[in-house]
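Engineer: Next comes upload.txt, compact mmCIF, N, CA and C atoms:
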# COMPACT_ATOMS: atom_id res chain seq x y z
N MET W 191 0.79 -1.17 0.00
CA MET W 191 0.00 0.00 0.00
C MET W 191 0.84 1.25 0.00
N GLU W 192 0.37 2.16 -0.81
CA GLU W 192 1.12 3.40 -0.88
C GLU W 192 0.52 4.42 0.05
N VAL W 193 1.37 5.13 0.67
CA VAL W 193 0.93 6.18 1.59
C VAL W 193 1.25 7.52 0.94
N GLU W 194 0.23 8.39 0.97
CA GLU W 194 0.44 9.71 0.38
C GLU W 194 1.34 10.52 1.29
N PRO W 195 2.27 11.24 0.70
CA PRO W 195 3.15 12.06 1.53
C PRO W 195 2.37 13.20 2.16
N GLU W 196 2.76 13.55 3.31
CA GLU W 196 2.10 14.65 4.02
C GLU W 196 2.50 15.98 3.40
N VAL W 197 1.48 16.80 3.23
CA VAL W 197 1.74 18.14 2.69
C VAL W 197 1.78 19.08 3.89
N PRO W 198 2.89 19.75 4.07
CA PRO W 198 2.97 20.64 5.23
C PRO W 198 2.04 21.84 5.04
N GLU W 199 1.45 22.28 6.11
CA GLU W 199 0.56 23.45 6.06
C GLU W 199 1.40 24.70 5.82
N VAL W 200 0.93 25.50 4.88
CA VAL W 200 1.63 26.74 4.57
C VAL W 200 0.88 27.85 5.29
N PRO W 201 1.59 28.58 6.12
CA PRO W 201 0.90 29.66 6.81
C PRO W 201 0.49 30.73 5.79
N GLU W 202 -0.63 31.41 6.08
CA GLU W 202 -1.09 32.48 5.19
C GLU W 202 -0.02 33.53 5.06
N ASP W 203 0.02 34.10 3.87
CA ASP W 203 0.99 35.15 3.60
C ASP W 203 0.46 36.43 4.22
N PRO W 204 1.08 36.93 5.27
CA PRO W 204 0.56 38.14 5.93
C PRO W 204 0.65 39.36 5.02
N VAL W 205 1.66 39.41 4.16
CA VAL W 205 1.80 40.56 3.25
C VAL W 205 0.68 40.53 2.22
N GLY W 206 0.38 39.33 1.67
CA GLY W 206 -0.69 39.19 0.69
C GLY W 206 -2.03 39.56 1.27
N ALA W 207 -2.27 39.14 2.53
CA ALA W 207 -3.54 39.47 3.18
C ALA W 207 -3.66 40.97 3.38
N LEU W 208 -2.56 41.61 3.78
CA LEU W 208 -2.60 43.07 3.96
C LEU W 208 -2.84 43.79 2.62
N LEU W 209 -2.22 43.30 1.57
CA LEU W 209 -2.43 43.90 0.24
C LEU W 209 -3.88 43.76 -0.21
N ASP W 210 -4.48 42.59 0.06
CA ASP W 210 -5.89 42.40 -0.29
C ASP W 210 -6.78 43.36 0.48
N GLN W 211 -6.51 43.53 1.78
CA GLN W 211 -7.29 44.47 2.60
C GLN W 211 -7.12 45.90 2.08
N PHE W 212 -5.89 46.25 1.75
CA PHE W 212 -5.61 47.60 1.24
C PHE W 212 -6.36 47.83 -0.09
N ASP W 213 -6.31 46.84 -0.97
CA ASP W 213 -6.99 46.94 -2.26
C ASP W 213 -8.50 47.14 -2.05
N THR W 214 -9.09 46.38 -1.17
CA THR W 214 -10.52 46.52 -0.89
C THR W 214 -10.82 47.90 -0.32
N PHE W 215 -10.00 48.36 0.59
CA PHE W 215 -10.18 49.68 1.20
C PHE W 215 -10.13 50.79 0.14
N VAL W 216 -9.15 50.70 -0.76
CA VAL W 216 -9.01 51.72 -1.81
C VAL W 216 -10.20 51.69 -2.75
N ARG W 217 -10.63 50.51 -3.17
CA ARG W 217 -11.77 50.40 -4.10
C ARG W 217 -13.03 50.95 -3.46
N GLU W 218 -13.27 50.62 -2.21
CA GLU W 218 -14.47 51.13 -1.53
C GLU W 218 -14.39 52.65 -1.40
N GLY W 219 -13.20 53.17 -1.12
CA GLY W 219 -13.03 54.61 -1.00
C GLY W 219 -13.28 55.32 -2.32
N ILE W 220 -12.75 54.76 -3.39
CA ILE W 220 -12.94 55.37 -4.72
C ILE W 220 -14.41 55.33 -5.10
N ASN W 221 -15.07 54.20 -4.89
CA ASN W 221 -16.48 54.09 -5.23
C ASN W 221 -17.32 55.09 -4.44
N LYS W 222 -16.99 55.27 -3.14
CA LYS W 222 -17.74 56.22 -2.31
C LYS W 222 -17.52 57.65 -2.80
N ARG W 223 -16.26 57.98 -3.13
CA ARG W 223 -15.97 59.34 -3.61
C ARG W 223 -16.65 59.60 -4.96
N MET W 224 -16.67 58.59 -5.84
CA MET W 224 -17.34 58.74 -7.13
C MET W 224 -18.84 58.96 -6.92
N ALA W 225 -19.44 58.22 -6.01
CA ALA W 225 -20.87 58.38 -5.73
C ALA W 225 -21.15 59.77 -5.17
N ASP W 226 -20.28 60.24 -4.27
CA ASP W 226 -20.46 61.58 -3.71
C ASP W 226 -20.33 62.66 -4.79
N ALA W 227 -19.34 62.50 -5.66
CA ALA W 227 -19.15 63.47 -6.74
C ALA W 227 -20.34 63.45 -7.69
N ARG W 228 -20.86 62.29 -7.99
CA ARG W 228 -22.01 62.18 -8.88
C ARG W 228 -23.22 62.89 -8.26
N LYS W 229 -23.45 62.68 -6.96
CA LYS W 229 -24.57 63.35 -6.29
C LYS W 229 -24.42 64.86 -6.32
N LYS W 230 -23.19 65.32 -6.20
CA LYS W 230 -22.93 66.76 -6.13
C LYS W 230 -23.06 67.43 -7.50
N PHE W 231 -22.50 66.81 -8.55
CA PHE W 231 -22.40 67.48 -9.85
C PHE W 231 -23.51 67.10 -10.84
N GLU W 232 -24.14 65.97 -10.67
CA GLU W 232 -25.15 65.55 -11.65
C GLU W 232 -26.31 66.54 -11.78
N PRO W 233 -26.85 67.08 -10.70
CA PRO W 233 -27.93 68.06 -10.87
C PRO W 233 -27.47 69.32 -11.61
N LYS W 234 -26.23 69.76 -11.36
CA LYS W 234 -25.71 70.95 -12.04
C LYS W 234 -25.56 70.68 -13.53
N ILE W 235 -25.08 69.51 -13.88
CA ILE W 235 -24.90 69.16 -15.28
C ILE W 235 -26.25 69.07 -15.98
N ARG W 236 -27.22 68.43 -15.33
CA ARG W 236 -28.56 68.33 -15.93
C ARG W 236 -29.16 69.71 -16.16
N LYS W 237 -28.95 70.62 -15.21
CA LYS W 237 -29.48 71.97 -15.33
C LYS W 237 -28.85 72.69 -16.53
N LEU W 238 -27.53 72.56 -16.68
CA LEU W 238 -26.85 73.20 -17.80
C LEU W 238 -27.29 72.61 -19.14
N VAL W 239 -27.44 71.30 -19.19
CA VAL W 239 -27.84 70.65 -20.43
C VAL W 239 -29.26 71.04 -20.80
N SER W 240 -30.13 71.20 -19.84
CA SER W 240 -31.51 71.56 -20.14
C SER W 240 -31.62 72.99 -20.67
N LYS W 241 -30.65 73.86 -20.37
CA LYS W 241 -30.67 75.24 -20.83
C LYS W 241 -30.17 75.39 -22.26
N ARG W 242 -29.54 74.35 -22.79
CA ARG W 242 -29.00 74.42 -24.14
C ARG W 242 -30.11 74.66 -25.15
N LYS W 243 -29.82 75.50 -26.12
CA LYS W 243 -30.80 75.78 -27.16
C LYS W 243 -30.85 74.59 -28.13
N PRO W 244 -32.03 74.26 -28.60
CA PRO W 244 -32.10 73.17 -29.59
C PRO W 244 -31.51 73.61 -30.91
N ARG W 245 -31.01 72.67 -31.65
CA ARG W 245 -30.42 72.98 -32.95
C ARG W 245 -31.50 73.44 -33.92
N ARG W 246 -31.12 74.39 -34.75
CA ARG W 246 -32.03 74.91 -35.74
C ARG W 246 -32.05 73.97 -36.93
N LYS W 247 -33.24 73.71 -37.45
CA LYS W 247 -33.36 72.84 -38.61
C LYS W 247 -33.07 73.64 -39.86
N ALA W 248 -32.44 73.01 -40.83
CA ALA W 248 -32.08 73.67 -42.08
C ALA W 248 -33.33 73.99 -42.88
N ALA W 249 -33.34 75.15 -43.52
CA ALA W 249 -34.45 75.52 -44.38
C ALA W 249 -34.43 74.64 -45.63
N LEU W 250 -35.60 74.18 -46.04
CA LEU W 250 -35.69 73.31 -47.19
C LEU W 250 -36.26 74.06 -48.38
N GLY W 251 -35.71 73.77 -49.55
CA GLY W 251 -36.17 74.38 -50.78
C GLY W 251 -37.35 73.61 -51.34
N PRO W 252 -37.86 74.02 -52.50
CA PRO W 252 -39.01 73.33 -53.09
C PRO W 252 -38.73 71.88 -53.48
N ASP W 253 -37.46 71.57 -53.70
CA ASP W 253 -37.10 70.20 -54.05
C ASP W 253 -36.87 69.32 -52.82
N GLY W 254 -36.99 69.91 -51.62
CA GLY W 254 -36.82 69.15 -50.38
C GLY W 254 -35.40 69.08 -49.88
N LYS W 255 -34.46 69.70 -50.61
CA LYS W 255 -33.06 69.70 -50.19
C LYS W 255 -32.78 70.95 -49.36
N PRO W 256 -31.79 70.88 -48.44
CA PRO W 256 -31.46 72.07 -47.63
C PRO W 256 -30.99 73.23 -48.51
N VAL W 257 -31.43 74.42 -48.15
CA VAL W 257 -31.06 75.63 -48.88
C VAL W 257 -30.08 76.42 -48.03
N ALA W 258 -28.97 76.82 -48.61
CA ALA W 258 -27.97 77.60 -47.88
C ALA W 258 -28.44 79.04 -47.78
N LYS W 259 -28.38 79.59 -46.58
CA LYS W 259 -28.78 80.98 -46.38
C LYS W 259 -27.60 81.92 -46.58
N GLY W 260 -26.41 81.43 -46.45
CA GLY W 260 -25.23 82.29 -46.59
C GLY W 260 -23.98 81.46 -46.72
N GLY W 261 -22.88 82.14 -46.82
CA GLY W 261 -21.61 81.43 -46.86
C GLY W 261 -21.25 80.94 -48.24
N LEU W 262 -20.43 79.91 -48.29
CA LEU W 262 -19.89 79.40 -49.55
C LEU W 262 -20.94 78.69 -50.40
N MET W 263 -22.00 78.19 -49.79
CA MET W 263 -22.99 77.42 -50.53
C MET W 263 -24.14 78.28 -51.06
N GLN W 264 -24.15 79.55 -50.76
CA GLN W 264 -25.25 80.42 -51.19
C GLN W 264 -25.15 80.69 -52.69
N GLN W 265 -26.28 80.58 -53.37
CA GLN W 265 -26.35 80.87 -54.79
C GLN W 265 -26.28 82.38 -54.98
N GLN W 266 -25.37 82.84 -55.83
CA GLN W 266 -25.21 84.27 -56.08
C GLN W 266 -25.22 84.52 -57.58
N GLN W 267 -25.59 85.74 -57.93
CA GLN W 267 -25.58 86.17 -59.33
C GLN W 267 -24.13 86.29 -59.79
N LEU W 268 -23.85 85.79 -61.00
CA LEU W 268 -22.49 85.83 -61.54
C LEU W 268 -22.39 86.90 -62.62
N SER W 269 -21.18 87.40 -62.83
CA SER W 269 -20.95 88.34 -63.93
C SER W 269 -21.18 87.61 -65.25
N LYS W 270 -21.36 88.37 -66.32
CA LYS W 270 -21.63 87.76 -67.64
C LYS W 270 -20.48 86.85 -68.06
N GLU W 271 -19.24 87.31 -67.82
CA GLU W 271 -18.07 86.52 -68.23
C GLU W 271 -18.01 85.18 -67.49
N LEU W 272 -18.19 85.24 -66.18
CA LEU W 272 -18.12 84.01 -65.38
C LEU W 272 -19.33 83.12 -65.66
N ALA W 273 -20.49 83.72 -65.86
CA ALA W 273 -21.69 82.93 -66.16
C ALA W 273 -21.52 82.16 -67.47
N SER W 274 -20.90 82.78 -68.47
CA SER W 274 -20.68 82.06 -69.73
C SER W 274 -19.64 80.95 -69.56
N PHE W 275 -18.67 81.16 -68.66
CA PHE W 275 -17.65 80.15 -68.41
C PHE W 275 -18.25 78.95 -67.67
N VAL W 276 -19.05 79.24 -66.62
CA VAL W 276 -19.62 78.17 -65.79
C VAL W 276 -20.84 77.54 -66.45
N GLY W 277 -21.61 78.34 -67.20
CA GLY W 277 -22.81 77.82 -67.84
C GLY W 277 -24.06 78.04 -67.01
N LYS W 278 -23.99 78.87 -65.98
CA LYS W 278 -25.13 79.20 -65.13
C LYS W 278 -25.10 80.68 -64.83
N GLU W 279 -26.28 81.25 -64.58
CA GLU W 279 -26.31 82.67 -64.19
C GLU W 279 -26.16 82.84 -62.69
N LYS W 280 -26.59 81.82 -61.92
CA LYS W 280 -26.43 81.83 -60.47
C LYS W 280 -25.71 80.56 -60.07
N ALA W 281 -24.76 80.70 -59.17
CA ALA W 281 -24.01 79.54 -58.68
C ALA W 281 -23.38 79.89 -57.34
N SER W 282 -23.03 78.87 -56.58
CA SER W 282 -22.34 79.09 -55.31
C SER W 282 -20.84 79.16 -55.57
N ARG W 283 -20.11 79.67 -54.60
CA ARG W 283 -18.65 79.76 -54.75
C ARG W 283 -18.03 78.38 -54.96
N THR W 284 -18.54 77.40 -54.25
CA THR W 284 -17.97 76.06 -54.38
C THR W 284 -18.21 75.50 -55.77
N GLU W 285 -19.38 75.77 -56.35
CA GLU W 285 -19.65 75.30 -57.70
C GLU W 285 -18.72 75.96 -58.71
N VAL W 286 -18.49 77.26 -58.53
CA VAL W 286 -17.63 78.00 -59.46
C VAL W 286 -16.20 77.48 -59.38
N VAL W 287 -15.68 77.32 -58.17
CA VAL W 287 -14.30 76.84 -58.00
C VAL W 287 -14.17 75.41 -58.53
N SER W 288 -15.19 74.60 -58.31
CA SER W 288 -15.15 73.23 -58.85
C SER W 288 -15.10 73.25 -60.38
N ALA W 289 -15.90 74.14 -60.99
CA ALA W 289 -15.88 74.26 -62.46
C ALA W 289 -14.50 74.72 -62.94
N LEU W 290 -13.89 75.65 -62.21
CA LEU W 290 -12.54 76.11 -62.57
C LEU W 290 -11.54 74.95 -62.51
N TRP W 291 -11.63 74.14 -61.46
CA TRP W 291 -10.69 73.02 -61.32
C TRP W 291 -10.90 71.97 -62.41
N VAL W 292 -12.14 71.75 -62.80
CA VAL W 292 -12.40 70.80 -63.89
C VAL W 292 -11.71 71.31 -65.15
N TYR W 293 -11.85 72.61 -65.44
CA TYR W 293 -11.23 73.21 -66.62
C TYR W 293 -9.70 73.15 -66.53
N ILE W 294 -9.16 73.51 -65.36
CA ILE W 294 -7.70 73.52 -65.16
C ILE W 294 -7.11 72.13 -65.38
N LYS W 295 -7.78 71.12 -64.84
CA LYS W 295 -7.25 69.76 -64.98
C LYS W 295 -7.44 69.23 -66.40
N ALA W 296 -8.57 69.60 -67.02
CA ALA W 296 -8.81 69.14 -68.39
C ALA W 296 -7.79 69.73 -69.36
N LYS W 297 -7.40 70.98 -69.15
CA LYS W 297 -6.44 71.66 -70.03
C LYS W 297 -5.00 71.49 -69.57
N ASN W 298 -4.81 70.76 -68.45
CA ASN W 298 -3.47 70.50 -67.91
C ASN W 298 -2.70 71.81 -67.66
N LEU W 299 -3.33 72.72 -66.91
CA LEU W 299 -2.73 74.03 -66.66
C LEU W 299 -1.86 74.08 -65.40
N GLN W 300 -1.86 73.01 -64.61
CA GLN W 300 -1.03 72.99 -63.41
C GLN W 300 0.43 72.76 -63.79
N ASP W 301 1.32 73.37 -63.01
CA ASP W 301 2.74 73.19 -63.21
C ASP W 301 3.09 71.73 -62.89
N ALA W 302 3.90 71.12 -63.70
CA ALA W 302 4.26 69.71 -63.49
C ALA W 302 5.09 69.51 -62.23
N GLN W 303 5.97 70.47 -61.92
CA GLN W 303 6.83 70.35 -60.75
C GLN W 303 6.09 70.70 -59.46
N ASP W 304 5.34 71.78 -59.49
CA ASP W 304 4.63 72.27 -58.30
C ASP W 304 3.15 72.39 -58.66
N LYS W 305 2.37 71.41 -58.29
CA LYS W 305 0.95 71.36 -58.67
C LYS W 305 0.13 72.51 -58.09
N ARG W 306 0.68 73.23 -57.12
CA ARG W 306 -0.05 74.38 -56.56
C ARG W 306 -0.06 75.56 -57.51
N GLN W 307 0.91 75.63 -58.38
CA GLN W 307 1.05 76.73 -59.34
C GLN W 307 0.22 76.44 -60.60
N ILE W 308 -0.45 77.47 -61.09
CA ILE W 308 -1.30 77.32 -62.27
C ILE W 308 -0.90 78.37 -63.29
N THR W 309 -0.63 77.94 -64.51
CA THR W 309 -0.36 78.84 -65.62
C THR W 309 -1.65 78.91 -66.44
N LEU W 310 -2.29 80.06 -66.45
CA LEU W 310 -3.60 80.19 -67.07
C LEU W 310 -3.48 80.37 -68.57
N ASP W 311 -4.41 79.78 -69.32
CA ASP W 311 -4.45 79.99 -70.76
C ASP W 311 -5.16 81.32 -71.03
N SER W 312 -5.33 81.67 -72.31
CA SER W 312 -5.87 83.00 -72.64
C SER W 312 -7.31 83.16 -72.15
N LYS W 313 -8.13 82.12 -72.28
CA LYS W 313 -9.54 82.21 -71.85
C LYS W 313 -9.65 82.44 -70.34
N LEU W 314 -8.98 81.62 -69.57
CA LEU W 314 -9.05 81.73 -68.11
C LEU W 314 -8.26 82.94 -67.61
N GLY W 315 -7.16 83.27 -68.27
CA GLY W 315 -6.37 84.44 -67.90
C GLY W 315 -7.15 85.72 -68.08
N LYS W 316 -7.91 85.81 -69.16
CA LYS W 316 -8.74 87.00 -69.41
C LYS W 316 -9.83 87.10 -68.35
N LEU W 317 -10.42 85.98 -67.97
CA LEU W 317 -11.48 85.96 -66.96
C LEU W 317 -10.96 86.39 -65.59
N LEU W 318 -9.81 85.86 -65.19
CA LEU W 318 -9.29 86.13 -63.85
C LEU W 318 -8.34 87.33 -63.81
N GLY W 319 -7.89 87.81 -64.95
CA GLY W 319 -7.05 89.00 -64.99
C GLY W 319 -5.60 88.78 -64.65
N THR W 320 -5.08 87.59 -64.86
CA THR W 320 -3.68 87.29 -64.59
C THR W 320 -3.23 86.11 -65.45
N GLU W 321 -1.93 85.94 -65.58
CA GLU W 321 -1.39 84.83 -66.37
C GLU W 321 -0.99 83.65 -65.49
N HIS W 322 -0.56 83.94 -64.26
CA HIS W 322 -0.12 82.91 -63.32
C HIS W 322 -0.83 83.11 -61.99
N THR W 323 -1.11 82.03 -61.31
CA THR W 323 -1.68 82.09 -59.97
C THR W 323 -1.35 80.79 -59.26
N ASP W 324 -1.76 80.74 -58.01
CA ASP W 324 -1.63 79.47 -57.29
C ASP W 324 -3.02 79.07 -56.81
N MET W 325 -3.13 77.84 -56.37
CA MET W 325 -4.44 77.30 -56.03
C MET W 325 -5.11 78.04 -54.87
N TRP W 326 -4.34 78.71 -54.04
CA TRP W 326 -4.89 79.40 -52.88
C TRP W 326 -5.54 80.73 -53.25
N ARG W 327 -5.18 81.28 -54.39
CA ARG W 327 -5.70 82.59 -54.78
C ARG W 327 -6.93 82.51 -55.69
N LEU W 328 -7.37 81.32 -56.05
CA LEU W 328 -8.51 81.20 -56.96
C LEU W 328 -9.75 81.88 -56.41
N GLN W 329 -10.06 81.67 -55.13
CA GLN W 329 -11.25 82.30 -54.52
C GLN W 329 -11.16 83.81 -54.63
N LYS W 330 -10.00 84.36 -54.34
CA LYS W 330 -9.81 85.81 -54.37
C LYS W 330 -10.00 86.36 -55.79
N LEU W 331 -9.47 85.65 -56.78
CA LEU W 331 -9.56 86.11 -58.16
C LEU W 331 -10.99 86.01 -58.71
N VAL W 332 -11.78 85.11 -58.17
CA VAL W 332 -13.15 84.92 -58.63
C VAL W 332 -14.11 85.88 -57.94
N SER W 333 -13.76 86.39 -56.78
CA SER W 333 -14.66 87.22 -55.98
C SER W 333 -15.27 88.41 -56.73
N PRO W 334 -14.52 89.16 -57.55
CA PRO W 334 -15.16 90.29 -58.23
C PRO W 334 -16.28 89.89 -59.20
N HIS W 335 -16.34 88.63 -59.57
CA HIS W 335 -17.36 88.17 -60.52
C HIS W 335 -18.67 87.80 -59.86
N PHE W 336 -18.74 87.88 -58.52
CA PHE W 336 -19.99 87.63 -57.82
C PHE W 336 -20.68 88.96 -57.59
N ILE W 337 -21.91 89.08 -58.07
CA ILE W 337 -22.66 90.33 -57.92
C ILE W 337 -23.44 90.25 -56.62
N LYS W 338 -23.20 91.22 -55.75
CA LYS W 338 -23.85 91.20 -54.44
C LYS W 338 -25.31 91.62 -54.59
N ALA W 339 -26.20 90.90 -53.90
CA ALA W 339 -27.61 91.26 -53.91
C ALA W 339 -27.83 92.50 -53.07
N LYS W 340 -28.74 93.35 -53.53
CA LYS W 340 -28.99 94.60 -52.81
C LYS W 340 -30.13 94.45 -51.84
Go through the file and emit its structure as structure tokens.

Structural biologist:
Amino acid sequence: MEVEPEVPEVPEDPVGALLDQFDTFVREGINKRMADARKKFEPKIRKLVSKRKPRRKAALGPDGKPVAKGGLMQQQQLSKELASFVGKEKASRTEVVSALWVYIKAKNLQDAQDKRQITLDSKLGKLLGTEHTDMWRLQKLVSPHFIKAK
């Protein structure tokens, strides 16, 4: 018959027990402080959130799409020269600049080394009043062609 060897009793690790107690103490303290902070600040936060103004809904046009009231998306009257170039009498700034970029890329007017630089052909140069420009100045050069509503 085989006899199982005796396993000596290992005394509890006093350091491990103290660490467990400390961990429990810290967690309970943090949870209590979090609950106290929530009780203190939650009503203030709810009050501030309730005072917020609701977002304004976008105005819709007859086609059901949002209509821009101002800014870059607003439809504006164009000069005769720009209207003939774009093909519309009214357009937004973004539409005009997009049409310019389509023309610039189709005619390969960008500098091969520095794509930011644009060498304008006679048609576009006459419209914008310059022979060379960079991509950052297109908005500025197009601005005089927008007729402001009175």

Engineer: Looking only at the backbone, which of the residues in stretch 200-323 of chain W does DSSP tag as helix (DSSP H, G or I), as an NGL selection string?

Structural biologist: :W and (204-241 or 261-263 or 270-276 or 283-296 or 312-318)

Engineer: Could you please write out, as a PyMOL selection string, every residue of stretch 192-311 of chain W that DSSP assigns to strand (DSSP E or B)?

Structural biologist: chain W and resi 250+256+266-268+280-281+300+307-309

Engineer: Using only N, CA and C atoms, can you tell me which of W:Ser282, W:Ser288, W:Gln267, W:Gln300 comes closest to W:Lys338?

Structural biologist: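 Selected residue with least distance to W:Lys338: W:Gln267.
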
Engineer: Using atom CA of W:Trp326 and atom CA of W:Gly277 as the two end points, give the distance in Å to one decimal.

Structural biologist: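 Atom CA of W:Gly277 lies 23.4 Å from atom CA of W:Trp326.
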
Engineer: So what do you get for atom N of W:Tyr293 versus atom C of W:Ile337, distance-wise?

Structural biologist: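 Computing the Euclidean distance for atom N of W:Tyr293 and atom C of W:Ile337 yields 22.9 Å.
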
Engineer: How big is the axis-aligned box, and where does its centre sit, when it encloses all atoms of stretch 253-266 of chain W listed in the file and has 8 Å added on every side, reported in Å to one decimal as AutoDock Vina command-line options?

Structural biologist:
--center_x -28.7 --center_y 76.8 --center_z -52.0 --size_x 33.6 --size_y 31.4 --size_z 27.2

Engineer: Which one is closest to W:His335: W:Lys270, W:Lys295, W:Arg217, W:His322? Count all atoms listed in the file.

Structural biologist: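 The shortest atom-to-atom distance to W:His335 comes from W:Lys270.
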
Engineer: By how many Å are atom CA of W:Leu331 and atom CA of W:Leu268 apart?

Structural biologist: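 Interatomic distance here is 13.4 Å.
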
Engineer: Would you pick out the contacts of stretch 249-264 of chain W at 6.5 Å or less, using all atoms listed in the file, so that residues sharing its chain but fewer than 2 positions from it are not included, and give the list as a PDB file with N, CA and C atoms, in the frame of the given file?

Structural biologist:
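Final output, saved to part.pdb:
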ATOM      1  N   LYS W 247     -33.240  73.710 -37.450  1.00  0.00           N
ATOM      2  CA  LYS W 247     -33.360  72.840 -38.610  1.00  0.00           C
ATOM      3  C   LYS W 247     -33.070  73.640 -39.860  1.00  0.00           C
ATOM      4  N   GLN W 266     -25.370  82.840 -55.830  1.00  0.00           N
ATOM      5  CA  GLN W 266     -25.210  84.270 -56.080  1.00  0.00           C
ATOM      6  C   GLN W 266     -25.220  84.520 -57.580  1.00  0.00           C
ATOM      7  N   ALA W 281     -24.760  80.700 -59.170  1.00  0.00           N
ATOM      8  CA  ALA W 281     -24.010  79.540 -58.680  1.00  0.00           C
ATOM      9  C   ALA W 281     -23.380  79.890 -57.340  1.00  0.00           C
ATOM     10  N   SER W 282     -23.030  78.870 -56.580  1.00  0.00           N
ATOM     11  CA  SER W 282     -22.340  79.090 -55.310  1.00  0.00           C
ATOM     12  C   SER W 282     -20.840  79.160 -55.570  1.00  0.00           C
ATOM     13  N   ARG W 283     -20.110  79.670 -54.600  1.00  0.00           N
ATOM     14  CA  ARG W 283     -18.650  79.760 -54.750  1.00  0.00           C
ATOM     15  C   ARG W 283     -18.030  78.380 -54.960  1.00  0.00           C
ATOM     16  N   THR W 284     -18.540  77.400 -54.250  1.00  0.00           N
ATOM     17  CA  THR W 284     -17.970  76.060 -54.380  1.00  0.00           C
ATOM     18  C   THR W 284     -18.210  75.500 -55.770  1.00  0.00           C
TER      19      THR W 284
END
